Amino acid sequence: MTRLGAVSLIVPDYDEAIAFFTGPMAFTLAEDMEMGAGKRWVRVVPSAGGTGIVLARAETPAQRDAIEAQGGGRVWLFLETDDFARDSARMKAGGIVFEEEPRHEPYGTVAVFRDPWGNRWDLIEPRLAG
C-alpha cells in the first residue's frame with residue numbers, strides 16, 4: 001500500500017509560511033524540527049488530515065526564482081472543503097484574496113485564490129456523488 005504523504009512547497013521564510021498556513025488556511029503544524037545549518041523540517045497538514053505540505057525555505061537564487069513559478073502559472077494545489085461558504089469566509093477574513101467569485105462546476109463549487117507567494121490554488125467543495 002502506498003499513499004502520497006506530502007508535497008514540498010518552496011517558501012522564502014519558514015515562520016511567515018507557518019503563520020499563513022496555521023492562520024487563514026487553518027492547517028495544523030505537524031512538525032517543526034531544527035536540522036542544523038539554519039534548516040528546518042516543517043510540515044503542515046489540513047485540519048481534516050490528508051497529504052501534508054513540507055515547507056522548504058529557498059536557499060539558492062534558482063530556488064528563490066522558483067517560488068512564484070512552482071505551478072507554471074496554473075492552479076496546481078487543490079484544497080477540498082465540506083463547506084465552501086464557511087471556509088472561504090474564514091480565508092477572506094484572514095486576508096486571502098480570491099481571483100474570482102465561486103463558480104459551480106460539474107465536480108463542485110470552486111474558486112481560485114493565491115497564497116502570499118503567488119501559487120494558485122482551488123478551494124473546492126466537491127459535489128456529492130449520486
# chains A, B, ... in the order shown; residues from 1 in each chain; ligands from 1

$ residues_around --residues "stretch 25-34 of chain A" --least-positions-apart "3" --cutoff "8 Å" --atoms "only C-alpha atoms" --output "MDAnalysis selection string"
chainID A and resid 18 20:22 38:47 91

$ write_last_selection --atoms "C-alpha atoms" --output "tab-separated table (two decimals), in the first residue's frame"
chain	number	residue	atom	x	y	z
A	18	ILE	CA	3.79	28.71	9.19
A	20	PHE	CA	-0.08	31.71	6.78
A	21	PHE	CA	-0.88	28.02	6.90
A	22	THR	CA	-1.86	27.89	10.58
A	38	GLY	CA	19.60	27.02	9.71
A	39	LYS	CA	17.45	24.39	8.01
A	40	ARG	CA	14.22	23.07	9.47
A	41	TRP	CA	11.84	20.22	8.70
A	42	VAL	CA	8.45	21.96	8.71
A	43	ARG	CA	5.29	20.09	7.78
A	44	VAL	CA	1.73	21.41	7.86
A	45	VAL	CA	-1.43	19.38	7.25
A	46	PRO	CA	-5.02	20.35	6.50
A	47	SER	CA	-7.29	20.39	9.54
A	91	MET	CA	-9.92	32.73	4.45

$ select_by_dssp --residues "chain A" --states "strand (DSSP E or B)" --output "PyMOL selection string"
chain A and resi 6-11+28-36+39-45+52-57+75-80+98+103-105+108-114+120-126

$ residues_around --residues "A:Leu4" --least-positions-apart "3" --cutoff "10 Å" --atoms "only C-alpha atoms" --output "list in words"
Val7, Gly50, Thr51 and Gly52 of chain A

$ write_last_selection --atoms "N, CA, C and O atoms" --output "JSON list (two decimals), in the first residue's frame"
[["chain", "number", "residue", "atom", "x", "y", "z"],
["A", 7, "VAL", "N", 3.80, 16.94, -0.12],
["A", 7, "VAL", "CA", 4.41, 17.63, -1.25],
["A", 7, "VAL", "C", 5.24, 18.77, -0.66],
["A", 7, "VAL", "O", 4.99, 19.23, 0.45],
["A", 50, "GLY", "N", -4.89, 14.29, 5.79],
["A", 50, "GLY", "CA", -4.57, 14.07, 4.38],
["A", 50, "GLY", "C", -3.12, 14.43, 4.09],
["A", 50, "GLY", "O", -2.28, 14.53, 4.99],
["A", 51, "THR", "N", -2.84, 14.64, 2.83],
["A", 51, "THR", "CA", -1.49, 14.93, 2.39],
["A", 51, "THR", "C", -1.01, 16.25, 2.98],
["A", 51, "THR", "O", -1.70, 17.26, 2.92],
["A", 52, "GLY", "N", 0.19, 16.22, 3.55],
["A", 52, "GLY", "CA", 0.76, 17.41, 4.14],
["A", 52, "GLY", "C", 1.62, 18.18, 3.16],
["A", 52, "GLY", "O", 1.90, 17.73, 2.04]]

$ residues_around --residues "A:Glu16" --least-positions-apart "2" --cutoff "12 Å" --atoms "only C-alpha atoms" --output "number ranges by chain"
A: 11-14, 18-23, 42, 55-57, 115-117

$ write_last_selection --atoms "N, CA and C atoms" --output "compact mmCIF listing (two decimals), in the first residue's frame"
# COMPACT_ATOMS: atom_id res chain seq x y z
N VAL A 11 9.25 28.22 -0.06
CA VAL A 11 8.80 29.49 0.54
C VAL A 11 10.02 30.33 0.89
N PRO A 12 9.85 31.65 1.02
CA PRO A 12 11.01 32.48 1.37
C PRO A 12 11.40 32.41 2.84
N ASP A 13 10.45 32.08 3.72
CA ASP A 13 10.71 32.13 5.16
C ASP A 13 9.82 31.11 5.87
N TYR A 14 10.42 30.31 6.74
CA TYR A 14 9.65 29.30 7.46
C TYR A 14 8.53 29.92 8.30
N ILE A 18 4.53 29.34 8.09
CA ILE A 18 3.79 28.71 9.19
C ILE A 18 2.61 29.59 9.60
N ALA A 19 2.85 30.90 9.71
CA ALA A 19 1.77 31.83 10.10
C ALA A 19 0.63 31.81 9.09
N PHE A 20 0.95 31.76 7.81
CA PHE A 20 -0.08 31.71 6.78
C PHE A 20 -0.88 30.42 6.87
N PHE A 21 -0.18 29.30 6.93
CA PHE A 21 -0.88 28.02 6.90
C PHE A 21 -1.66 27.75 8.19
N THR A 22 -1.14 28.14 9.33
CA THR A 22 -1.86 27.89 10.58
C THR A 22 -2.85 29.00 10.90
N GLY A 23 -2.79 30.10 10.15
CA GLY A 23 -3.73 31.19 10.32
C GLY A 23 -4.92 31.03 9.39
N VAL A 42 9.74 21.36 8.33
CA VAL A 42 8.45 21.96 8.71
C VAL A 42 7.38 21.33 7.85
N LEU A 55 7.26 22.62 4.08
CA LEU A 55 7.65 23.98 3.75
C LEU A 55 9.17 24.02 3.64
N ALA A 56 9.66 24.27 2.45
CA ALA A 56 11.09 24.25 2.16
C ALA A 56 11.56 25.67 1.89
N ARG A 57 12.41 26.19 2.75
CA ARG A 57 12.91 27.56 2.56
C ARG A 57 13.88 27.60 1.39
N ASP A 115 -1.77 32.11 -2.78
CA ASP A 115 -1.11 32.24 -1.49
C ASP A 115 -0.18 33.46 -1.55
N PRO A 116 0.47 33.83 -0.45
CA PRO A 116 1.31 35.03 -0.46
C PRO A 116 2.48 34.99 -1.42
N TRP A 117 2.81 33.82 -1.95
CA TRP A 117 3.96 33.67 -2.83
C TRP A 117 3.58 33.49 -4.28

$ atom_distance --atom1 "atom CA of A:Gly95" --atom2 "atom CA of A:Arg127"
26.6 Å

$ select_by_dssp --residues "chain A" --states "alpha helix (DSSP H)" --output "list in words"
Tyr14, Asp15, Glu16, Ala17, Ile18, Ala19, Phe20, Phe21, Thr22, Pro61, Ala62, Gln63, Arg64, Asp65, Ala66, Phe84, Ala85, Arg86, Asp87, Ser88, Ala89, Arg90, Met91, Lys92 and Ala93 of chain A

$ residues_around --residues "A:Glu105" --least-positions-apart "4" --cutoff "12 Å" --atoms "only C-alpha atoms" --output "list in words"
Thr109, Val110, Ala111, Ile124, Glu125, Pro126 and Arg127 of chain A

$ write_last_selection --atoms "N, CA, C and O atoms" --output "tab-separated table (two decimals), in the first residue's frame"
chain	number	residue	atom	x	y	z
A	109	THR	N	-18.38	23.18	-6.23
A	109	THR	CA	-18.22	24.63	-6.13
A	109	THR	C	-16.75	24.92	-5.98
A	109	THR	O	-16.05	24.30	-5.16
A	110	VAL	N	-16.25	25.90	-6.74
A	110	VAL	CA	-14.80	26.15	-6.77
A	110	VAL	C	-14.51	27.63	-6.99
A	110	VAL	O	-15.29	28.33	-7.64
A	111	ALA	N	-13.40	28.09	-6.45
A	111	ALA	CA	-12.87	29.43	-6.74
A	111	ALA	C	-11.36	29.39	-6.57
A	111	ALA	O	-10.83	28.66	-5.73
A	124	ILE	N	-12.25	23.93	-3.23
A	124	ILE	CA	-13.31	23.13	-3.86
A	124	ILE	C	-14.18	22.47	-2.80
A	124	ILE	O	-13.68	21.82	-1.90
A	125	GLU	N	-15.48	22.65	-2.96
A	125	GLU	CA	-16.43	21.82	-2.22
A	125	GLU	C	-16.94	20.80	-3.23
A	125	GLU	O	-17.75	21.13	-4.11
A	126	PRO	N	-16.44	19.55	-3.16
A	126	PRO	CA	-16.84	18.56	-4.17
A	126	PRO	C	-18.34	18.30	-4.14
A	126	PRO	O	-18.97	18.33	-3.10
A	127	ARG	N	-18.86	18.05	-5.32
A	127	ARG	CA	-20.26	17.66	-5.45
A	127	ARG	C	-20.41	16.26	-4.89
A	127	ARG	O	-19.57	15.39	-5.12

$ closest_residue --among "A:Leu79, A:Ser88, A:Tyr107, A:Asn119" --to "A:Leu9" --atoms "only C-alpha atoms"
A:Asn119

$ closest_residue --among "A:Leu123, A:Ile10, A:Ala17, A:Val54" --to "A:Arg86" --atoms "only C-alpha atoms"
A:Leu123

$ residues_around --residues "stretch 64-78 of chain A" --least-positions-apart "2" --cutoff "6 Å" --atoms "only C-alpha atoms" --output "count of residues only"
9
